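Engineer: query09.cif is the file, holding mmCIF, C-alpha atoms:
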```cif
data_run
#
loop_
_atom_site.group_PDB
_atom_site.id
_atom_site.type_symbol
_atom_site.label_atom_id
_atom_site.label_comp_id
_atom_site.auth_asym_id
_atom_site.auth_seq_id
_atom_site.Cartn_x
_atom_site.Cartn_y
_atom_site.Cartn_z
ATOM 1 C CA MET A 13 116.339 107.517 120.221
ATOM 2 C CA GLY A 14 117.080 109.215 123.535
ATOM 3 C CA LEU A 15 120.077 111.475 123.945
ATOM 4 C CA ASP A 16 120.229 111.531 127.746
ATOM 5 C CA MET A 17 123.745 111.261 129.166
ATOM 6 C CA ARG A 18 124.759 107.680 129.912
ATOM 7 C CA SER A 19 128.031 106.616 131.519
ATOM 8 C CA ASP A 20 128.756 104.225 128.640
ATOM 9 C CA TRP A 21 127.707 106.635 125.854
ATOM 10 C CA ASN A 22 130.555 108.703 124.401
ATOM 11 C CA LEU A 23 130.315 112.268 123.140
ATOM 12 C CA CYS A 24 131.876 112.343 119.678
ATOM 13 C CA LYS A 25 131.921 114.097 116.333
ATOM 14 C CA LEU A 26 130.067 112.381 113.527
ATOM 15 C CA GLY A 27 133.083 112.448 111.208
ATOM 16 C CA ASP A 28 135.153 110.520 113.755
ATOM 17 C CA VAL A 29 132.787 107.547 113.942
ATOM 18 C CA ILE A 30 130.977 107.647 110.576
ATOM 19 C CA GLU A 31 132.588 107.850 107.140
ATOM 20 C CA VAL A 32 131.228 110.786 105.162
ATOM 21 C CA ASN A 33 131.143 110.616 101.360
ATOM 22 C CA PRO A 34 133.205 107.460 100.801
ATOM 23 C CA TYR A 35 134.286 107.039 97.192
ATOM 24 C CA PRO A 36 134.433 103.364 96.234
ATOM 25 C CA GLU A 37 136.197 102.855 92.906
ATOM 26 C CA LEU A 38 133.892 103.035 89.904
ATOM 27 C CA ASN A 39 135.028 103.248 86.297
ATOM 28 C CA ALA A 40 133.660 106.007 84.081
ATOM 29 C CA GLU A 41 131.139 104.790 81.496
ATOM 30 C CA GLU A 42 130.463 101.659 83.542
ATOM 31 C CA LYS A 43 126.724 100.945 83.549
ATOM 32 C CA VAL A 44 125.478 100.501 87.114
ATOM 33 C CA VAL A 45 122.488 101.317 89.307
ATOM 34 C CA TYR A 46 121.649 105.020 89.480
ATOM 35 C CA VAL A 47 119.536 106.614 92.219
ATOM 36 C CA GLY A 48 118.271 110.156 91.748
ATOM 37 C CA MET A 49 116.648 112.520 94.209
ATOM 38 C CA ALA A 50 113.212 111.693 92.764
ATOM 39 C CA ASP A 51 113.723 108.030 93.725
ATOM 40 C CA LEU A 52 113.577 108.909 97.433
ATOM 41 C CA ARG A 53 110.292 109.366 99.268
ATOM 42 C CA GLU A 54 110.036 111.811 102.138
ATOM 43 C CA ASN A 55 110.644 110.300 105.580
ATOM 44 C CA ALA A 56 110.954 106.772 104.208
ATOM 45 C CA ARG A 57 113.786 104.284 104.639
ATOM 46 C CA LYS A 58 113.281 102.376 101.389
ATOM 47 C CA ILE A 59 114.404 103.642 97.996
ATOM 48 C CA ASP A 60 111.393 103.539 95.680
ATOM 49 C CA SER A 61 113.049 103.078 92.318
ATOM 50 C CA CYS A 62 116.309 103.117 90.381
ATOM 51 C CA GLU A 63 117.657 102.567 86.884
ATOM 52 C CA LEU A 64 120.817 101.487 85.091
ATOM 53 C CA ARG A 65 122.952 104.369 83.840
ATOM 54 C CA GLU A 66 126.509 104.849 82.694
ATOM 55 C CA TYR A 67 128.620 106.460 85.396
ATOM 56 C CA PRO A 68 129.894 109.773 83.945
ATOM 57 C CA GLY A 69 132.857 110.055 86.296
ATOM 58 C CA SER A 70 131.194 112.307 88.885
ATOM 59 C CA GLY A 71 128.366 112.016 91.384
ATOM 60 C CA SER A 72 127.895 110.325 94.719
ATOM 61 C CA ARG A 73 128.937 106.669 95.004
ATOM 62 C CA PHE A 74 127.549 104.234 97.514
ATOM 63 C CA GLN A 75 126.931 100.599 98.426
ATOM 64 C CA ASN A 76 124.419 98.555 100.391
ATOM 65 C CA ASN A 77 124.102 99.657 104.036
ATOM 66 C CA ASP A 78 125.042 103.274 103.268
ATOM 67 C CA THR A 79 122.695 106.153 104.103
ATOM 68 C CA LEU A 80 121.795 108.804 101.521
ATOM 69 C CA LEU A 81 121.118 112.249 102.977
ATOM 70 C CA ALA A 82 119.715 114.986 100.730
ATOM 71 C CA ARG A 83 121.859 118.076 101.243
ATOM 72 C CA ILE A 84 119.869 120.648 99.254
ATOM 73 C CA THR A 85 116.715 122.618 99.990
ATOM 74 C CA PRO A 86 113.845 121.709 100.087
ATOM 75 C CA CYS A 87 114.725 117.992 99.953
ATOM 76 C CA LEU A 88 116.671 118.098 103.218
ATOM 77 C CA GLU A 89 113.887 119.886 105.099
ATOM 78 C CA ASN A 90 111.321 117.488 103.600
ATOM 79 C CA GLY A 91 113.114 114.456 105.012
ATOM 80 C CA LYS A 92 114.616 112.796 101.950
ATOM 81 C CA THR A 93 116.939 110.322 103.644
ATOM 82 C CA ALA A 94 117.220 106.677 102.611
ATOM 83 C CA TYR A 95 118.989 103.451 103.509
ATOM 84 C CA VAL A 96 120.618 101.606 100.623
ATOM 85 C CA ASP A 97 119.651 97.926 100.449
ATOM 86 C CA LEU A 98 118.534 97.488 96.841
ATOM 87 C CA LEU A 99 121.818 96.371 95.251
ATOM 88 C CA SER A 100 122.261 92.733 94.247
ATOM 89 C CA THR A 101 125.377 92.228 96.393
ATOM 90 C CA ASP A 102 127.094 94.155 99.166
ATOM 91 C CA ASN A 103 130.138 94.573 96.905
ATOM 92 C CA ALA A 104 128.094 96.253 94.167
ATOM 93 C CA ILE A 105 128.635 99.995 93.712
ATOM 94 C CA ALA A 106 125.924 102.439 92.638
ATOM 95 C CA TRP A 107 125.977 106.140 91.914
ATOM 96 C CA GLY A 108 123.545 108.985 92.303
ATOM 97 C CA SER A 109 122.784 112.647 92.597
ATOM 98 C CA THR A 110 125.566 115.053 93.485
ATOM 99 C CA GLU A 111 123.099 116.433 96.047
ATOM 100 C CA PHE A 112 123.469 113.365 98.277
ATOM 101 C CA ILE A 113 125.758 113.176 101.256
ATOM 102 C CA VAL A 114 126.660 109.528 101.822
ATOM 103 C CA LEU A 115 127.072 108.242 105.377
ATOM 104 C CA ARG A 116 128.768 104.911 106.037
ATOM 105 C CA ALA A 117 129.218 103.084 109.327
ATOM 106 C CA ARG A 118 132.783 102.444 110.473
ATOM 107 C CA PRO A 119 133.481 98.754 111.231
ATOM 108 C CA ASN A 120 133.307 97.866 114.942
ATOM 109 C CA ILE A 121 132.363 101.451 115.810
ATOM 110 C CA THR A 122 128.950 102.210 114.330
ATOM 111 C CA ASP A 123 126.024 100.120 113.095
ATOM 112 C CA ALA A 124 124.830 100.870 109.560
ATOM 113 C CA LEU A 125 121.114 101.014 110.348
ATOM 114 C CA PHE A 126 121.809 103.060 113.486
ATOM 115 C CA VAL A 127 123.594 105.587 111.240
ATOM 116 C CA TYR A 128 120.423 105.878 109.153
ATOM 117 C CA TYR A 129 118.234 106.542 112.195
ATOM 118 C CA LEU A 130 120.764 109.038 113.528
ATOM 119 C CA ALA A 131 120.379 110.913 110.222
ATOM 120 C CA ARG A 132 116.613 110.905 110.798
ATOM 121 C CA HIS A 133 116.855 112.175 114.380
ATOM 122 C CA PRO A 134 115.268 115.644 114.906
ATOM 123 C CA ASN A 135 118.384 116.946 116.697
ATOM 124 C CA PHE A 136 120.591 116.086 113.736
ATOM 125 C CA ARG A 137 118.102 117.421 111.200
ATOM 126 C CA ASP A 138 117.682 120.728 113.054
ATOM 127 C CA TYR A 139 121.463 121.066 113.262
ATOM 128 C CA VAL A 140 122.137 120.544 109.535
ATOM 129 C CA ILE A 141 119.174 122.633 108.384
ATOM 130 C CA GLN A 142 120.406 125.579 110.458
ATOM 131 C CA ARG A 143 123.810 125.328 108.767
ATOM 132 C CA MET A 144 122.663 125.444 105.165
ATOM 133 C CA GLU A 145 124.490 127.935 102.977
ATOM 134 C CA GLY A 146 123.933 129.542 99.589
ATOM 135 C CA THR A 147 121.374 131.644 97.774
ATOM 136 C CA SER A 148 117.679 131.335 98.502
ATOM 137 C CA GLY A 149 116.177 128.256 96.878
ATOM 138 C CA ARG A 150 119.567 126.602 96.304
ATOM 139 C CA GLN A 151 120.880 126.267 99.823
ATOM 140 C CA ARG A 152 122.991 123.253 100.777
ATOM 141 C CA VAL A 153 124.490 121.926 103.974
ATOM 142 C CA PRO A 154 128.316 121.776 103.774
ATOM 143 C CA THR A 155 129.886 118.361 104.278
ATOM 144 C CA ILE A 156 132.155 119.750 106.991
ATOM 145 C CA SER A 157 129.112 120.781 109.047
ATOM 146 C CA VAL A 158 127.802 117.213 108.917
ATOM 147 C CA GLU A 159 131.184 115.869 109.988
ATOM 148 C CA GLN A 160 131.319 118.258 112.976
ATOM 149 C CA TYR A 161 127.914 117.294 114.388
ATOM 150 C CA GLN A 162 128.340 116.178 118.015
ATOM 151 C CA PHE A 163 126.206 113.487 119.608
ATOM 152 C CA LEU A 164 126.246 110.767 122.229
ATOM 153 C CA LEU A 165 127.213 107.411 120.724
ATOM 154 C CA PRO A 166 125.971 104.257 122.493
ATOM 155 C CA PRO A 167 128.087 101.087 122.557
ATOM 156 C CA LEU A 168 127.714 98.958 119.425
ATOM 157 C CA PRO A 169 125.309 96.379 120.980
ATOM 158 C CA GLU A 170 122.975 99.195 122.049
ATOM 159 C CA GLN A 171 123.176 100.789 118.605
ATOM 160 C CA ARG A 172 122.050 97.496 117.071
ATOM 161 C CA ALA A 173 119.215 97.126 119.576
ATOM 162 C CA ILE A 174 117.987 100.685 118.892
ATOM 163 C CA ALA A 175 118.176 100.147 115.127
ATOM 164 C CA GLU A 176 116.317 96.824 115.359
ATOM 165 C CA ILE A 177 113.409 98.365 117.266
ATOM 166 C CA LEU A 178 113.121 101.368 114.958
ATOM 167 C CA GLY A 179 113.566 99.143 111.908
ATOM 168 C CA SER A 180 110.695 96.898 112.996
ATOM 169 C CA LEU A 181 108.440 99.923 113.406
ATOM 170 C CA ASP A 182 109.441 101.199 109.974
ATOM 171 C CA ASP A 183 108.689 97.781 108.459
ATOM 172 C CA LYS A 184 105.176 97.867 109.912
ATOM 173 C CA ILE A 185 104.617 101.417 108.652
ATOM 174 C CA GLU A 186 105.760 100.404 105.164
ATOM 175 C CA LEU A 187 103.497 97.343 105.172
ATOM 176 C CA ASN A 188 100.526 99.505 106.155
ATOM 177 C CA ARG A 189 101.408 101.981 103.394
ATOM 178 C CA GLN A 190 101.467 99.201 100.814
ATOM 179 C CA MET A 191 98.153 97.813 102.059
ATOM 180 C CA ASN A 192 96.580 101.280 101.883
ATOM 181 C CA ALA A 193 97.908 101.757 98.358
ATOM 182 C CA THR A 194 96.392 98.417 97.326
ATOM 183 C CA LEU A 195 93.020 99.318 98.849
ATOM 184 C CA GLU A 196 93.075 102.712 97.133
ATOM 185 C CA ALA A 197 93.809 101.031 93.779
ATOM 186 C CA ILE A 198 90.897 98.615 94.303
ATOM 187 C CA ALA A 199 88.580 101.502 95.212
ATOM 188 C CA ARG A 200 89.632 103.467 92.105
ATOM 189 C CA ALA A 201 89.077 100.408 89.910
ATOM 190 C CA ILE A 202 85.569 99.862 91.332
ATOM 191 C CA PHE A 203 84.701 103.553 90.943
ATOM 192 C CA THR A 204 85.884 103.519 87.325
ATOM 193 C CA SER A 205 83.992 100.304 86.605
ATOM 194 C CA TRP A 206 80.722 101.575 88.066
ATOM 195 C CA PHE A 207 80.678 105.294 87.336
ATOM 196 C CA VAL A 208 82.950 105.768 84.302
ATOM 197 C CA ASP A 209 82.698 102.573 82.279
ATOM 198 C CA PHE A 210 79.188 101.733 83.591
ATOM 199 C CA ASP A 211 79.993 98.005 83.686
ATOM 200 C CA PRO A 212 76.903 97.069 85.802
ATOM 201 C CA VAL A 213 74.644 98.776 83.224
ATOM 202 C CA HIS A 214 76.366 97.010 80.365
ATOM 203 C CA ALA A 215 76.079 93.699 82.193
ATOM 204 C CA LYS A 216 72.271 94.106 82.593
ATOM 205 C CA ALA A 217 71.962 95.082 78.970
#
```
What would the structure in this file look like if it were written as structure tokens?

Structural biologist:
Amino acid sequence: MGLDMRSDWNLCKLGDVIEVNPYPELNAEEKVVYVGMADLRENARKIDSCELREYPGSGSRFQNNDTLLARITPCLENGKTAYVDLLSTDNAIAWGSTEFIVLRARPNITDALFVYYLARHPNFRDYVIQRMEGTSGRQRVPTISVEQYQFLLPPLPEQRAIAEILGSLDDKIELNRQMNATLEAIARAIFTSWFVDFDPVHAKA
């Protein structure tokens, strides 16, 4: 995603064009989807797993098409950033770790998937990492620093085009990852069969 100056790209603050930490209404003790930090892979768009948990009344809250950004070290530096698309409906509300910053596109201003790829951009990541605060090993980026990040925002049609291209590449990467995982599982099964369980020897016997 290039950041060269364009006549139709506007310099803006992130907080002016993207909603940071929206809080959709969610009743305490309501049992809904929970996403923890461990459910996010590094540098991957998809959320790996989730579970149903009662909402305790605190924690991040989010919906489909939101972006989850890890705000704590070392998860932020390691690239734990995900796009929410696992909920059954777009009206469904989930909750998660207090160490997430939730980014949500503003209607008719920003595209949801573009927001995710903005959060993955090296310029943004360098900016937020440099602004982490706190004691060693427990540093976090303040929400206000995220809101004050300045960048060039393309018109909405260009945002969608950028997100579509990057999304297609991510889809191919994910498909290759799944294929590799399947091949590795097959290889492990064959190795176990031949050299641990000695199935060929048993078959001859």

Engineer: Set the distance at 12 Å and use all atoms listed in the file: which residues neighbour Arg116 in chain A once local chain neighbours fewer than 3 positions away are removed? I'd like the list as a VMD selection string.

Structural biologist: chain A and resid 26 to 36 73 to 81 95 to 96 113 119 121 to 128 130 to 131 159

Engineer: Excluding Asp138 in chain A and its own-chain neighbours fewer than 6 positions away, which residues fall within 12 Å of it when counting only C-alpha atoms? Please give them as a PyMOL selection string.

Structural biologist: chain A and resi 88-91+131-132+144+153+158+161

Engineer: To one decimal in Å, tell me the separation between CA of Asn55 in chain A and CA of Thr93 in chain A.

Structural biologist: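 Value for the CA of Asn55 in chain A-CA of Thr93 in chain A distance: 6.6 Å.
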
Engineer: Go through A:Ala106, A:Leu99, A:Ile198, A:Leu23 one by one, measure the shortest atom-to-atom distance of each to Gly48 in chain A using all atoms listed in the file, and give the residue with the smallest value.

Structural biologist: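 The answer is A:Ala106, which sits nearest to Gly48 in chain A.
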
Engineer: Apply the PyMOL selection byres ((chain A and resi 152) around 12) to the file shown and report the selected residues as a PyMOL selection string.

Structural biologist: chain A and resi 81-89+110-113+140-151+153-158

Engineer: Identify which of the residues A:Tyr46, A:Leu115, A:Arg57, A:Trp21 lies closest to Ser180 in chain A, counting all atoms listed in the file when measuring atom-to-atom distances.

Structural biologist: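 Checking each candidate against Ser180 in chain A, we get A:Arg57 as the closest.
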
Engineer: In Å, with one decimal, what is the gap from CA of Asp182 in chain A to CA of Ala56 in chain A?

Structural biologist: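 Here the two named atoms are 8.2 Å from each other.
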
Engineer: Could you list the residues chosen by the PyMOL selection byres ((chain A and resi 174) around 10) in this structure as a list in words?

Structural biologist: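 This file, filtered by the PyMOL selection byres ((chain A and resi 174) around 10), leaves Met13, Gly14, Asp123, Leu125, Phe126, Tyr129, Pro166, Leu168, Pro169, Glu170, Gln171, Arg172, Ala173, Ala175, Glu176, Ile177, Leu178 and Gly179 of chain A.
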
Engineer: Closest to Val47 in chain A among A:Ser19, A:Trp107, A:Tyr67, A:Lys25, using all atoms listed in the file?

Structural biologist: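 Closest candidate: A:Trp107.
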
Engineer: Which protein, DNA or RNA residues are at most 7 Å from (127.8, 97.7, 88.6) in the file's coordinates when you count only C-alpha atoms, listed as a list in words?

Structural biologist: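 The residues that fall inside the cut-off are Glu42, Lys43, Val44, Val45, Ala104, Ile105 and Ala106 of chain A.
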
Engineer: So the first atom is CA of Cys24 in chain A and the second is CA of Ala94 in chain A; what is the distance between them in Å, to one decimal place?

Structural biologist: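 These atoms are spaced 23.2 Å apart.
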
Engineer: Using only C-alpha atoms for the distances, tell me which of A:Ala117, A:Glu41, A:Leu164, A:Met49 is nearest to Leu64 in chain A.

Structural biologist: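 With only C-alpha atoms as the atom set, the closest residue is A:Glu41.
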
Engineer: For this structure, which residues satisfy the selection - the PyMOL selection byres ((chain A and resi 71) around 6) - when it is evaluated on the file as given? I want them as an NGL selection string.

Structural biologist: :A and (70 or 72 or 108-110)

Engineer: In terms of the shortest atom-to-atom distance over only C-alpha atoms, which of A:Arg118, A:Arg65, A:Lys184, A:Arg137 is closest to Ala40 in chain A?

Structural biologist: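 For Ala40 in chain A, the nearest of the candidates is A:Arg65.
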